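> Enclosed is the structure file work10.txt (compact mmCIF, C-alpha atoms).
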```
# COMPACT_ATOMS: atom_id res chain seq x y z
CA MET A 1 -26.08 -87.80 63.42
CA SER A 2 -23.04 -90.05 63.41
CA SER A 3 -20.03 -89.34 65.59
CA ASN A 4 -17.55 -91.23 63.41
CA ARG A 5 -16.72 -88.03 61.56
CA ILE A 6 -13.12 -86.83 61.55
CA MET A 7 -13.23 -83.07 62.04
CA THR A 8 -10.59 -80.40 61.68
CA VAL A 9 -9.62 -78.09 64.54
CA SER A 10 -11.20 -75.05 62.88
CA ARG A 11 -14.53 -76.85 62.57
CA ALA A 12 -14.27 -78.09 66.15
CA ILE A 13 -13.86 -74.51 67.37
CA SER A 14 -16.74 -73.10 65.32
CA GLU A 15 -18.98 -75.98 66.38
CA ALA A 16 -18.15 -75.37 70.06
CA ILE A 17 -19.00 -71.69 69.73
CA ALA A 18 -22.23 -72.44 67.84
CA GLN A 19 -23.39 -74.94 70.46
CA GLU A 20 -22.71 -72.52 73.32
CA MET A 21 -24.46 -69.70 71.42
CA ARG A 22 -27.53 -71.90 71.00
CA ALA A 23 -27.53 -72.76 74.70
CA ASP A 24 -26.78 -69.30 76.10
CA PRO A 25 -28.06 -66.02 74.59
CA ARG A 26 -25.32 -64.09 76.43
CA VAL A 27 -22.60 -65.60 74.23
CA PHE A 28 -21.59 -63.51 71.21
CA VAL A 29 -18.54 -63.09 68.96
CA MET A 30 -16.60 -60.01 67.83
CA GLY A 31 -13.48 -59.47 65.76
CA GLU A 32 -11.95 -58.60 62.44
CA ASP A 33 -13.37 -60.63 59.54
CA ILE A 34 -15.05 -63.09 61.89
CA ALA A 35 -18.57 -62.67 60.50
CA LYS A 36 -18.88 -62.50 56.74
CA TYR A 37 -15.50 -64.17 56.13
CA GLY A 38 -15.90 -66.68 58.97
CA GLY A 39 -12.53 -65.85 60.54
CA ILE A 40 -9.40 -65.87 58.45
CA PHE A 41 -8.49 -69.23 60.03
CA GLY A 42 -12.02 -70.58 59.91
CA SER A 43 -12.80 -70.54 63.64
CA THR A 44 -16.10 -68.71 63.24
CA ALA A 45 -17.23 -70.18 59.90
CA GLY A 46 -21.00 -70.46 59.54
CA LEU A 47 -21.87 -68.47 62.67
CA LEU A 48 -23.17 -65.33 60.92
CA ALA A 49 -25.67 -67.32 58.87
CA GLU A 50 -27.12 -68.97 61.95
CA PHE A 51 -26.97 -66.19 64.53
CA GLY A 52 -27.03 -62.92 62.58
CA GLU A 53 -25.16 -59.63 62.85
CA GLU A 54 -26.21 -58.81 66.43
CA ARG A 55 -24.33 -61.79 67.85
CA VAL A 56 -21.59 -62.21 65.24
CA ARG A 57 -20.03 -58.81 64.79
CA ASP A 58 -17.36 -57.71 62.36
CA THR A 59 -15.32 -54.94 63.98
CA PRO A 60 -13.14 -52.16 62.64
CA ILE A 61 -9.38 -52.67 62.83
CA SER A 62 -9.16 -51.39 66.38
CA GLU A 63 -8.17 -54.18 68.73
CA THR A 64 -7.89 -51.95 71.75
CA GLY A 65 -11.46 -50.79 71.09
CA PHE A 66 -13.19 -54.12 70.58
CA ILE A 67 -11.24 -56.03 73.22
CA GLY A 68 -12.02 -53.20 75.65
CA ALA A 69 -15.68 -53.45 74.60
CA GLY A 70 -15.50 -57.18 75.25
CA VAL A 71 -14.27 -56.57 78.80
CA GLY A 72 -17.14 -54.13 79.41
CA ALA A 73 -19.68 -56.52 77.94
CA ALA A 74 -18.34 -59.37 80.08
CA MET A 75 -18.54 -57.25 83.25
CA SER A 76 -22.12 -56.31 82.31
CA GLY A 77 -23.25 -59.92 82.20
CA MET A 78 -22.52 -61.01 78.63
CA ARG A 79 -20.10 -63.80 77.62
CA PRO A 80 -18.14 -62.41 74.67
CA ILE A 81 -15.64 -64.22 72.50
CA VAL A 82 -13.30 -61.75 70.82
CA GLU A 83 -10.80 -62.75 68.20
CA LEU A 84 -7.37 -61.15 68.06
CA MET A 85 -6.60 -62.17 64.49
CA PHE A 86 -2.90 -62.95 65.07
CA VAL A 87 -1.46 -63.13 68.58
CA ASP A 88 1.40 -61.02 67.21
CA PHE A 89 -0.96 -58.03 67.13
CA PHE A 90 -1.27 -57.96 70.94
CA GLY A 91 1.02 -54.94 71.07
CA VAL A 92 -1.73 -52.53 70.04
CA CYS A 93 -4.26 -53.77 72.63
CA MET A 94 -2.29 -55.05 75.61
CA ASP A 95 -3.78 -52.47 77.95
CA SER A 96 -7.25 -53.89 77.27
CA ILE A 97 -5.94 -57.40 77.87
CA TYR A 98 -3.66 -57.08 80.87
CA ASN A 99 -4.87 -53.98 82.69
CA LEU A 100 -8.59 -54.51 82.08
CA ALA A 101 -9.45 -58.15 81.30
CA ALA A 102 -6.80 -59.72 83.53
CA LYS A 103 -7.13 -57.42 86.54
CA ASN A 104 -10.74 -56.29 86.91
CA ILE A 105 -11.87 -59.33 88.89
CA TYR A 106 -9.12 -58.53 91.42
CA PHE A 107 -9.64 -54.76 91.34
CA SER A 108 -13.33 -55.21 92.13
CA GLY A 109 -12.59 -57.53 95.03
CA GLY A 110 -14.32 -60.31 93.14
CA HIS A 111 -17.57 -58.34 92.75
CA TYR A 112 -17.28 -58.45 88.98
CA LYS A 113 -16.57 -61.45 86.79
CA VAL A 114 -14.92 -61.14 83.38
CA PRO A 115 -16.28 -64.18 81.51
CA MET A 116 -14.56 -63.48 78.23
CA VAL A 117 -12.63 -65.53 75.69
CA ILE A 118 -9.82 -63.93 73.74
CA MET A 119 -9.31 -66.30 70.82
CA THR A 120 -6.12 -65.86 68.83
CA ALA A 121 -4.05 -67.52 66.10
CA THR A 122 -0.48 -68.54 66.85
CA GLY A 123 2.50 -70.19 65.27
CA GLY A 124 4.79 -70.22 62.30
CA GLY A 125 6.37 -72.60 59.86
CA TYR A 126 4.72 -71.23 56.75
CA SER A 127 6.91 -68.22 55.88
CA ASP A 128 4.70 -65.42 57.16
CA ALA A 129 7.54 -63.47 58.79
CA GLY A 130 8.28 -62.35 62.31
CA GLN A 131 5.12 -60.38 63.05
CA HIS A 132 2.76 -63.22 61.96
CA SER A 133 4.57 -66.32 63.20
CA GLN A 134 5.01 -66.13 66.96
CA THR A 135 3.26 -68.23 69.58
CA LEU A 136 3.92 -65.92 72.56
CA HIS A 137 2.70 -68.57 75.00
CA ALA A 138 4.76 -67.21 77.85
CA THR A 139 3.87 -63.58 77.24
CA PHE A 140 0.28 -64.34 78.24
CA ALA A 141 0.96 -67.15 80.72
CA HIS A 142 3.23 -64.77 82.65
CA LEU A 143 0.43 -62.34 83.47
CA PRO A 144 -1.68 -63.15 86.54
CA GLY A 145 -5.41 -63.14 85.91
CA LEU A 146 -5.51 -64.83 82.52
CA LYS A 147 -6.12 -68.50 81.87
CA VAL A 148 -4.26 -69.71 78.78
CA VAL A 149 -4.99 -72.77 76.66
CA ALA A 150 -3.36 -74.11 73.48
CA PRO A 151 -4.88 -77.32 72.07
CA SER A 152 -3.10 -79.74 69.74
CA ASN A 153 -6.14 -81.43 68.17
CA ALA A 154 -9.81 -81.07 67.34
CA TYR A 155 -11.20 -83.02 70.31
CA ASP A 156 -9.33 -80.90 72.84
CA ALA A 157 -10.08 -77.70 70.90
CA LYS A 158 -13.84 -78.22 71.15
CA GLY A 159 -13.78 -79.21 74.82
CA LEU A 160 -11.38 -76.44 75.83
CA MET A 161 -13.40 -73.82 73.92
CA ILE A 162 -16.59 -74.85 75.71
CA SER A 163 -14.76 -74.74 79.05
CA ALA A 164 -13.40 -71.30 78.12
CA ILE A 165 -16.84 -69.88 77.26
CA ARG A 166 -18.34 -71.22 80.50
CA ASP A 167 -15.46 -69.92 82.66
CA ASP A 168 -16.03 -66.75 84.69
CA SER A 169 -12.43 -65.57 84.17
CA PRO A 170 -10.84 -64.27 80.98
CA VAL A 171 -9.36 -67.11 78.93
CA VAL A 172 -6.82 -66.69 76.15
CA PHE A 173 -7.56 -69.45 73.64
CA MET A 174 -4.49 -69.93 71.42
CA PHE A 175 -5.06 -72.00 68.31
CA HIS A 176 -2.12 -72.83 66.03
CA LYS A 177 -2.73 -71.87 62.40
CA GLY A 178 -0.95 -74.99 61.17
CA LEU A 179 -3.30 -77.27 63.11
CA GLN A 180 -6.57 -75.77 61.85
CA GLY A 181 -6.93 -78.15 58.91
CA LEU A 182 -7.38 -75.29 56.47
CA ALA A 183 -7.45 -76.16 52.81
CA TRP A 184 -4.62 -73.73 52.11
CA MET A 185 -2.24 -74.62 54.93
CA ALA A 186 -0.74 -78.06 55.58
CA SER A 187 -1.73 -79.65 58.87
CA PRO A 188 -0.59 -82.82 60.67
CA GLU A 189 -3.05 -85.63 60.05
CA ALA A 190 -3.53 -86.34 63.75
CA ALA A 191 -4.77 -82.80 64.42
CA ALA A 192 -8.15 -83.77 62.96
CA THR A 193 -9.90 -86.24 65.26
CA GLU A 194 -13.18 -87.98 65.84
CA LEU A 195 -15.46 -85.33 67.24
CA PRO A 196 -18.50 -86.04 69.41
CA GLU A 197 -21.65 -84.26 68.25
CA GLU A 198 -22.69 -83.20 71.73
CA ALA A 199 -21.22 -80.36 73.78
CA TYR A 200 -18.55 -81.52 76.27
CA THR A 201 -15.81 -79.88 78.29
CA VAL A 202 -12.09 -80.56 78.62
CA PRO A 203 -11.05 -79.31 82.07
CA PHE A 204 -8.29 -76.73 82.45
CA GLY A 205 -5.09 -77.75 84.20
CA GLU A 206 -5.09 -81.38 83.10
CA ALA A 207 -2.21 -82.38 80.86
CA LYS A 208 -2.58 -85.51 78.76
CA VAL A 209 -0.04 -88.29 78.36
CA VAL A 210 -0.46 -88.75 74.62
CA ARG A 211 2.17 -91.46 74.40
CA PRO A 212 3.25 -93.46 77.44
CA GLY A 213 6.94 -94.36 77.70
CA LYS A 214 9.57 -95.26 80.28
CA ASP A 215 12.92 -93.82 79.15
CA VAL A 216 12.39 -90.07 78.81
CA THR A 217 9.64 -87.48 79.22
CA ILE A 218 8.96 -85.01 76.40
CA VAL A 219 6.77 -82.13 77.58
CA THR A 220 5.17 -79.87 74.98
CA LEU A 221 1.92 -78.46 73.62
CA SER A 222 0.12 -77.25 70.49
CA MET A 223 1.91 -77.97 67.18
CA MET A 224 4.99 -79.39 68.88
CA VAL A 225 2.97 -82.33 70.21
CA HIS A 226 2.88 -83.64 66.66
CA ARG A 227 6.61 -83.07 66.16
CA ALA A 228 7.32 -84.82 69.47
CA LEU A 229 5.18 -87.81 68.52
CA GLU A 230 7.04 -88.02 65.22
CA ALA A 231 10.34 -87.98 67.13
CA ALA A 232 9.06 -90.63 69.56
CA LYS A 233 8.15 -92.87 66.64
CA ALA A 234 11.65 -92.54 65.17
CA LEU A 235 13.26 -93.17 68.57
CA GLU A 236 11.21 -96.32 69.04
CA LYS A 237 13.22 -97.90 66.22
CA GLU A 238 16.37 -97.24 68.25
CA GLY A 239 14.86 -98.89 71.31
CA ILE A 240 14.13 -95.60 73.10
CA ASP A 241 10.69 -95.42 74.70
CA ALA A 242 9.65 -91.78 75.03
CA GLU A 243 6.66 -90.51 77.00
CA VAL A 244 4.99 -87.48 75.40
CA ILE A 245 2.93 -85.06 77.50
CA ASP A 246 0.56 -82.55 75.90
CA LEU A 247 0.11 -79.78 78.47
CA ARG A 248 -3.07 -78.50 76.74
CA THR A 249 -3.29 -75.57 79.16
CA LEU A 250 -0.48 -73.25 80.28
CA VAL A 251 -2.55 -71.56 82.97
CA PRO A 252 -3.43 -73.42 85.08
CA LEU A 253 -0.33 -75.57 84.52
CA ASP A 254 -0.49 -79.28 85.37
CA ARG A 255 2.88 -79.59 87.07
CA LYS A 256 1.83 -82.79 88.81
CA THR A 257 1.56 -84.88 85.64
CA VAL A 258 4.98 -83.64 84.50
CA ILE A 259 6.64 -84.34 87.84
CA GLN A 260 5.10 -87.82 88.08
CA SER A 261 6.38 -88.64 84.62
CA VAL A 262 9.91 -87.39 85.29
CA ALA A 263 9.95 -89.26 88.60
CA LYS A 264 9.37 -92.37 86.49
CA THR A 265 11.67 -91.69 83.51
CA GLY A 266 14.39 -89.56 85.11
CA ARG A 267 14.93 -87.66 81.89
CA LEU A 268 13.27 -84.52 80.57
CA VAL A 269 13.10 -82.70 77.25
CA VAL A 270 10.82 -79.66 76.98
CA VAL A 271 9.75 -78.42 73.56
CA ASP A 272 8.07 -75.09 72.84
CA GLU A 273 7.51 -73.07 69.66
CA ASP A 274 7.84 -69.88 71.71
CA TYR A 275 11.10 -68.08 72.45
CA LYS A 276 13.51 -69.92 74.68
CA SER A 277 14.53 -67.44 77.36
CA PHE A 278 12.17 -66.64 80.24
CA GLY A 279 9.57 -69.03 78.86
CA LEU A 280 7.63 -72.27 79.21
CA THR A 281 10.67 -74.53 78.85
CA ALA A 282 12.38 -72.94 81.88
CA GLU A 283 9.13 -72.99 83.87
CA ILE A 284 8.74 -76.74 83.37
CA LEU A 285 12.35 -77.43 84.34
CA ALA A 286 12.02 -75.27 87.43
CA SER A 287 8.80 -77.03 88.44
CA VAL A 288 10.53 -80.42 88.40
CA VAL A 289 13.72 -79.29 90.12
CA GLU A 290 11.83 -77.41 92.84
CA GLU A 291 9.99 -80.61 93.65
CA ASP A 292 13.07 -82.83 93.79
CA PRO A 293 16.32 -82.34 91.88
CA ALA A 294 17.12 -86.02 92.37
CA TYR A 295 14.41 -87.03 89.90
CA LEU A 296 16.73 -86.14 87.04
CA LYS A 297 19.30 -88.75 86.04
CA ALA A 298 20.70 -86.50 83.30
CA ALA A 299 20.78 -82.82 82.47
CA PRO A 300 17.43 -81.81 80.98
CA ARG A 301 17.19 -80.29 77.51
CA ARG A 302 15.16 -77.35 76.22
CA LEU A 303 14.12 -76.87 72.62
CA ALA A 304 12.52 -73.58 71.64
CA VAL A 305 13.08 -70.73 69.24
CA PRO A 306 16.51 -69.22 69.90
CA ASP A 307 16.06 -65.63 70.98
CA VAL A 308 15.59 -64.10 67.54
CA PRO A 309 12.49 -62.94 65.66
CA ILE A 310 11.07 -65.74 63.47
CA PRO A 311 12.73 -65.40 60.04
CA TYR A 312 10.71 -65.06 56.83
CA SER A 313 13.20 -67.07 54.75
CA ARG A 314 11.99 -70.66 54.68
CA PRO A 315 15.35 -72.37 55.36
CA MET A 316 16.09 -69.93 58.17
CA GLU A 317 12.63 -70.31 59.69
CA GLN A 318 12.81 -74.11 59.54
CA PHE A 319 16.22 -73.89 61.21
CA VAL A 320 14.95 -71.99 64.26
CA LEU A 321 11.79 -74.08 64.81
CA PRO A 322 12.12 -77.33 66.76
CA ASP A 323 11.30 -80.40 64.66
CA ALA A 324 11.25 -84.18 64.99
CA GLU A 325 14.97 -84.45 64.26
CA THR A 326 16.12 -81.89 66.81
CA ILE A 327 13.74 -83.33 69.39
CA ALA A 328 15.07 -86.85 68.78
CA ALA A 329 18.64 -85.58 69.04
CA ALA A 330 17.87 -83.89 72.37
CA VAL A 331 16.34 -87.11 73.68
CA ARG A 332 19.45 -89.06 72.68
CA GLY A 333 21.49 -86.43 74.48
CA THR A 334 19.67 -87.06 77.76
CA LEU A 335 20.43 -90.75 77.34
CA GLY A 336 24.09 -90.11 76.58
CA LYS A 337 23.63 -91.70 73.17
CA ALA A 338 25.08 -90.58 69.85
CA ARG A 339 25.66 -86.96 69.14
CA GLU A 340 23.18 -84.17 69.44
CA ALA A 341 22.46 -81.76 66.63
CA ALA A 342 24.68 -78.71 66.66
CA MET B 343 -27.44 -99.41 45.33
CA ALA B 344 -24.65 -96.85 45.07
CA THR B 345 -25.28 -93.11 44.90
CA GLU B 346 -22.56 -90.94 43.43
CA ILE B 347 -21.32 -87.89 45.29
CA THR B 348 -21.29 -85.45 42.42
CA LEU B 349 -20.14 -81.84 42.50
CA ALA B 350 -22.87 -79.66 41.02
CA PRO B 351 -21.94 -78.45 37.50
CA ASP B 352 -22.45 -74.84 38.69
CA LEU B 353 -20.77 -75.30 42.09
CA TRP B 354 -18.34 -72.58 41.09
CA ASP B 355 -17.59 -70.55 37.97
CA ALA B 356 -15.13 -72.71 36.05
CA THR B 357 -14.44 -69.93 33.55
CA VAL B 358 -12.82 -68.01 36.43
CA ASN B 359 -11.28 -70.97 38.32
CA PRO B 360 -11.10 -74.11 36.18
CA GLU B 361 -10.02 -76.37 39.05
CA GLY B 362 -10.56 -76.89 42.75
CA ILE B 363 -9.19 -79.47 45.18
CA VAL B 364 -10.71 -81.85 47.69
CA ALA B 365 -9.50 -80.08 50.82
CA ASN B 366 -10.75 -82.51 53.45
CA TRP B 367 -12.75 -85.67 53.89
CA PHE B 368 -14.59 -85.70 57.21
CA PHE B 369 -15.10 -89.46 57.24
CA GLN B 370 -12.76 -92.34 56.56
CA GLU B 371 -13.08 -94.75 53.66
CA GLY B 372 -15.80 -97.25 54.50
CA ALA B 373 -17.38 -95.14 57.27
CA SER B 374 -21.13 -95.15 57.55
CA VAL B 375 -22.61 -91.69 56.98
CA GLY B 376 -26.04 -90.17 57.41
CA LYS B 377 -27.87 -88.45 54.58
CA GLY B 378 -27.03 -84.75 54.57
CA ALA B 379 -23.86 -85.14 56.70
CA THR B 380 -21.00 -82.89 55.60
CA VAL B 381 -18.65 -85.47 54.13
CA ALA B 382 -16.06 -83.30 52.39
CA GLU B 383 -15.02 -79.78 51.59
CA ILE B 384 -13.82 -78.47 48.25
CA MET B 385 -11.42 -75.54 48.05
CA VAL B 386 -11.54 -73.14 45.12
CA GLU B 387 -8.92 -70.41 45.46
CA LYS B 388 -9.13 -69.71 49.22
CA THR B 389 -12.84 -70.38 49.67
CA THR B 390 -14.26 -73.72 50.75
CA ILE B 391 -17.55 -75.37 49.86
CA ASP B 392 -19.14 -78.09 52.02
CA ILE B 393 -20.32 -81.24 50.30
CA ALA B 394 -23.26 -83.11 51.83
CA ALA B 395 -23.92 -86.85 51.58
CA PRO B 396 -26.69 -87.40 49.01
CA ALA B 397 -27.78 -90.61 50.74
CA ALA B 398 -27.16 -92.65 53.89
CA GLY B 399 -24.79 -95.59 53.69
CA ARG B 400 -21.18 -96.63 53.43
CA LEU B 401 -18.74 -94.04 52.05
CA HIS B 402 -16.34 -94.85 49.27
CA ILE B 403 -13.81 -92.14 48.44
CA SER B 404 -12.73 -91.93 44.80
CA VAL B 405 -10.88 -88.60 44.82
CA ALA B 406 -8.51 -88.49 47.80
CA LYS B 407 -7.67 -85.43 49.86
CA ASP B 408 -5.73 -82.88 47.77
CA GLY B 409 -7.06 -84.37 44.52
CA VAL B 410 -7.87 -81.90 41.74
CA VAL B 411 -11.54 -81.63 40.68
CA LYS B 412 -13.74 -79.72 38.24
CA PRO B 413 -17.44 -78.87 38.53
CA GLY B 414 -19.53 -81.97 37.79
CA ALA B 415 -16.85 -84.36 39.08
CA VAL B 416 -17.74 -87.51 41.02
CA ILE B 417 -15.63 -87.56 44.19
CA GLY B 418 -17.04 -90.68 45.80
CA THR B 419 -20.03 -92.97 46.18
CA ILE B 420 -22.35 -94.04 48.96
CA GLU B 421 -23.33 -97.70 49.11
CA GLU B 422 -26.81 -97.85 50.50
CA GLY B 423 -28.34 -100.62 52.59
```
Re-express the file's structure as structure tokens.


Amino acid sequence: MSSNRIMTVSRAISEAIAQEMRADPRVFVMGEDIAKYGGIFGSTAGLLAEFGEERVRDTPISETGFIGAGVGAAMSGMRPIVELMFVDFFGVCMDSIYNLAAKNIYFSGGHYKVPMVIMTATGGGYSDAGQHSQTLHATFAHLPGLKVVAPSNAYDAKGLMISAIRDDSPVVFMFHKGLQGLAWMASPEAAATELPEEAYTVPFGEAKVVRPGKDVTIVTLSMMVHRALEAAKALEKEGIDAEVIDLRTLVPLDRKTVIQSVAKTGRLVVVDEDYKSFGLTAEILASVVEEDPAYLKAAPRRLAVPDVPIPYSRPMEQFVLPDAETIAAAVRGTLGKAREAA
Amino acid sequence: MATEITLAPDLWDATVNPEGIVANWFFQEGASVGKGATVAEIMVEKTTIDIAAPAAGRLHISVAKDGVVKPGAVIGTIEEG
């Protein structure tokens, strides 16, 4: 088969799961509408037909039940992938996630592994209101015991999913709905990529410089990588050369790549689709300043959702989400050029 | 020789949903594709249908992504050889 195909993120994820299921009989999938429907965001499409109901299991609407069952299965030697349909629904099952999945390796003194993937849809921008539009990156990254990944494109999605399935710790795999390449939701063109046929891994804790530059460092992940690249393209016309870093994983966090970049550029803008306070943007700033405050030639800037629930109204939602224009304005701000957006 | 990529006339019930759209092409214009490779997907309402290459060869896209199609439509051709 050719490898010149350009695949969407949703197909990359389902292909990764299918390949690992073929290779390892311990891998199975559970969740709401993941079997017959193929996952409401397409991440498990085609799996039921190939692997059957034993290994691709539709569950009742009881997240605390099936995520708890996933933890038990993982501790008994299986390698479950459970889908939490929207990350926003974590409230009903957080005990299973943070008191069971995240802690049982520690509580057992390392005698038990919890090789489980919690796959979940994140992100807004399509008017689905406050309880369907959050990313909640920091909510999960804050809790010790969970690895957290959030890919921006199909190549990384496949490799990170395979790494997640093979990992002996619980991994929260956050895919952004707007990157899936679904027929009914617009997606940035660059989210679909050439996708190797074979199984491969993308290691955790390795950020990727997706655009090298010398004037300013933009650190981001998931959907905002595409917004940042758009901003960088616009800034190029003004003679500003921005470096864009895709973190790819929040836990473990590749601080080294960020620090090396800021040591070079001296300027830092951090962009996140999560809430601003107590989040990823502050963590990145702190990581740089703890290393050496002298790296920064200008005050750094943070772009994230101001501390309000994501609005349903389209103009209001678009206003709170960072975009290419606000990112470009923040970059100009670090360079003391022009005015920043209000 | 060119083989047309034709949507089957009964691919979906056009009396219920007269039109679908080309949701994605999985290869670029001019790419070489293998016979049976999934080259495109068609969306009708919120369901998608995979379209396989009827032959091996060079892909020519005639209905671009987001283009409206009906059952029986030709969405592209494959230049063999």

> So which one's closest to A:Ala234, A:Leu247, A:Leu160, A:Ala329, A:Val216? Using only C-alpha atoms, please.

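Nearest candidate to A:Ala234 out of A:Leu247, A:Leu160, A:Ala329, A:Val216: A:Ala329.
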
> Please define a box with edges along x, y and z of the file around all atoms of stretch 346-363 of chain B given in the file, extend it by 4 Å on each side, and return its centre and edge lengths in Å to one decimal, as lines of an AutoDock Vina configuration file.


```
center_x = -16.0
center_y = -79.5
center_z = 39.4
size_x = 21.7
size_y = 30.9
size_z = 19.7
```

> Tell me, as a count of residues only, which residues lie within 8 Å of stretch 131-148 of chain A, counting all atoms listed in the file; anything in the same chain fewer than 3 positions away does not count.

32

> Could the residues of chain A that have an atom at most 6 Å from chain B be listed as a tab-separated table, each with its closest atom pair and the distance in Å to one decimal, counting all atoms listed in the file and ordered by chain and ascending residue number?


```
residue	atom	partner	partner_atom	distance
A:Arg5	CA	B:Phe369	CA	4.8
A:Ile6	CA	B:Phe368	CA	4.7
A:Met7	CA	B:Phe368	CA	5.7
A:Ala183	CA	B:Ala365	CA	4.9
```

> At what distance in Å, to one decimal, does atom CA of A:Phe319 lie from atom CA of A:Ser10?

27.5 Å

> Can you pull out the residues contacting A:Asp254? Cut-off 12 Å, using only C-alpha atoms, and skip same-chain residues under 3 positions away; I want them as number ranges by chain.

A: 149, 203-209, 219-220, 245-251, 257-261, 283-284, 287-288

> Have a look at atom CA of B:Gly362 and atom CA of A:Leu179 and let me know their distance in Å, one decimal.

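Separation of atom CA of B:Gly362 and atom CA of A:Leu179: 21.6 Å.
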
> What is the atom CA of B:Ala406 to atom CA of B:Glu361 distance in Å?

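According to the coordinates, atom CA of B:Ala406 and atom CA of B:Glu361 are separated by 15.0 Å.
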
> For each of B:Lys412, B:Arg400, B:Glu422, B:Ile393, take the minimum atom-to-atom distance to B:Ile347, counting only C-alpha atoms, then give the residue where this is smallest.

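Smallest separation from B:Ile347 among the options: B:Ile393.
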
> Which is closer to B:Ala350 than all the others in B:Glu371, B:Gly414, B:Leu401, B:Gly409, using all atoms listed in the file?

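Ranking B:Glu371, B:Gly414, B:Leu401, B:Gly409 by distance to B:Ala350, first place goes to B:Gly414.
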
> Kindly indicate which residue among A:Ala299, A:Ala74, A:Ile67, A:Met119 lies nearest to A:Met94, using all atoms listed in the file for the distances.

A:Ile67
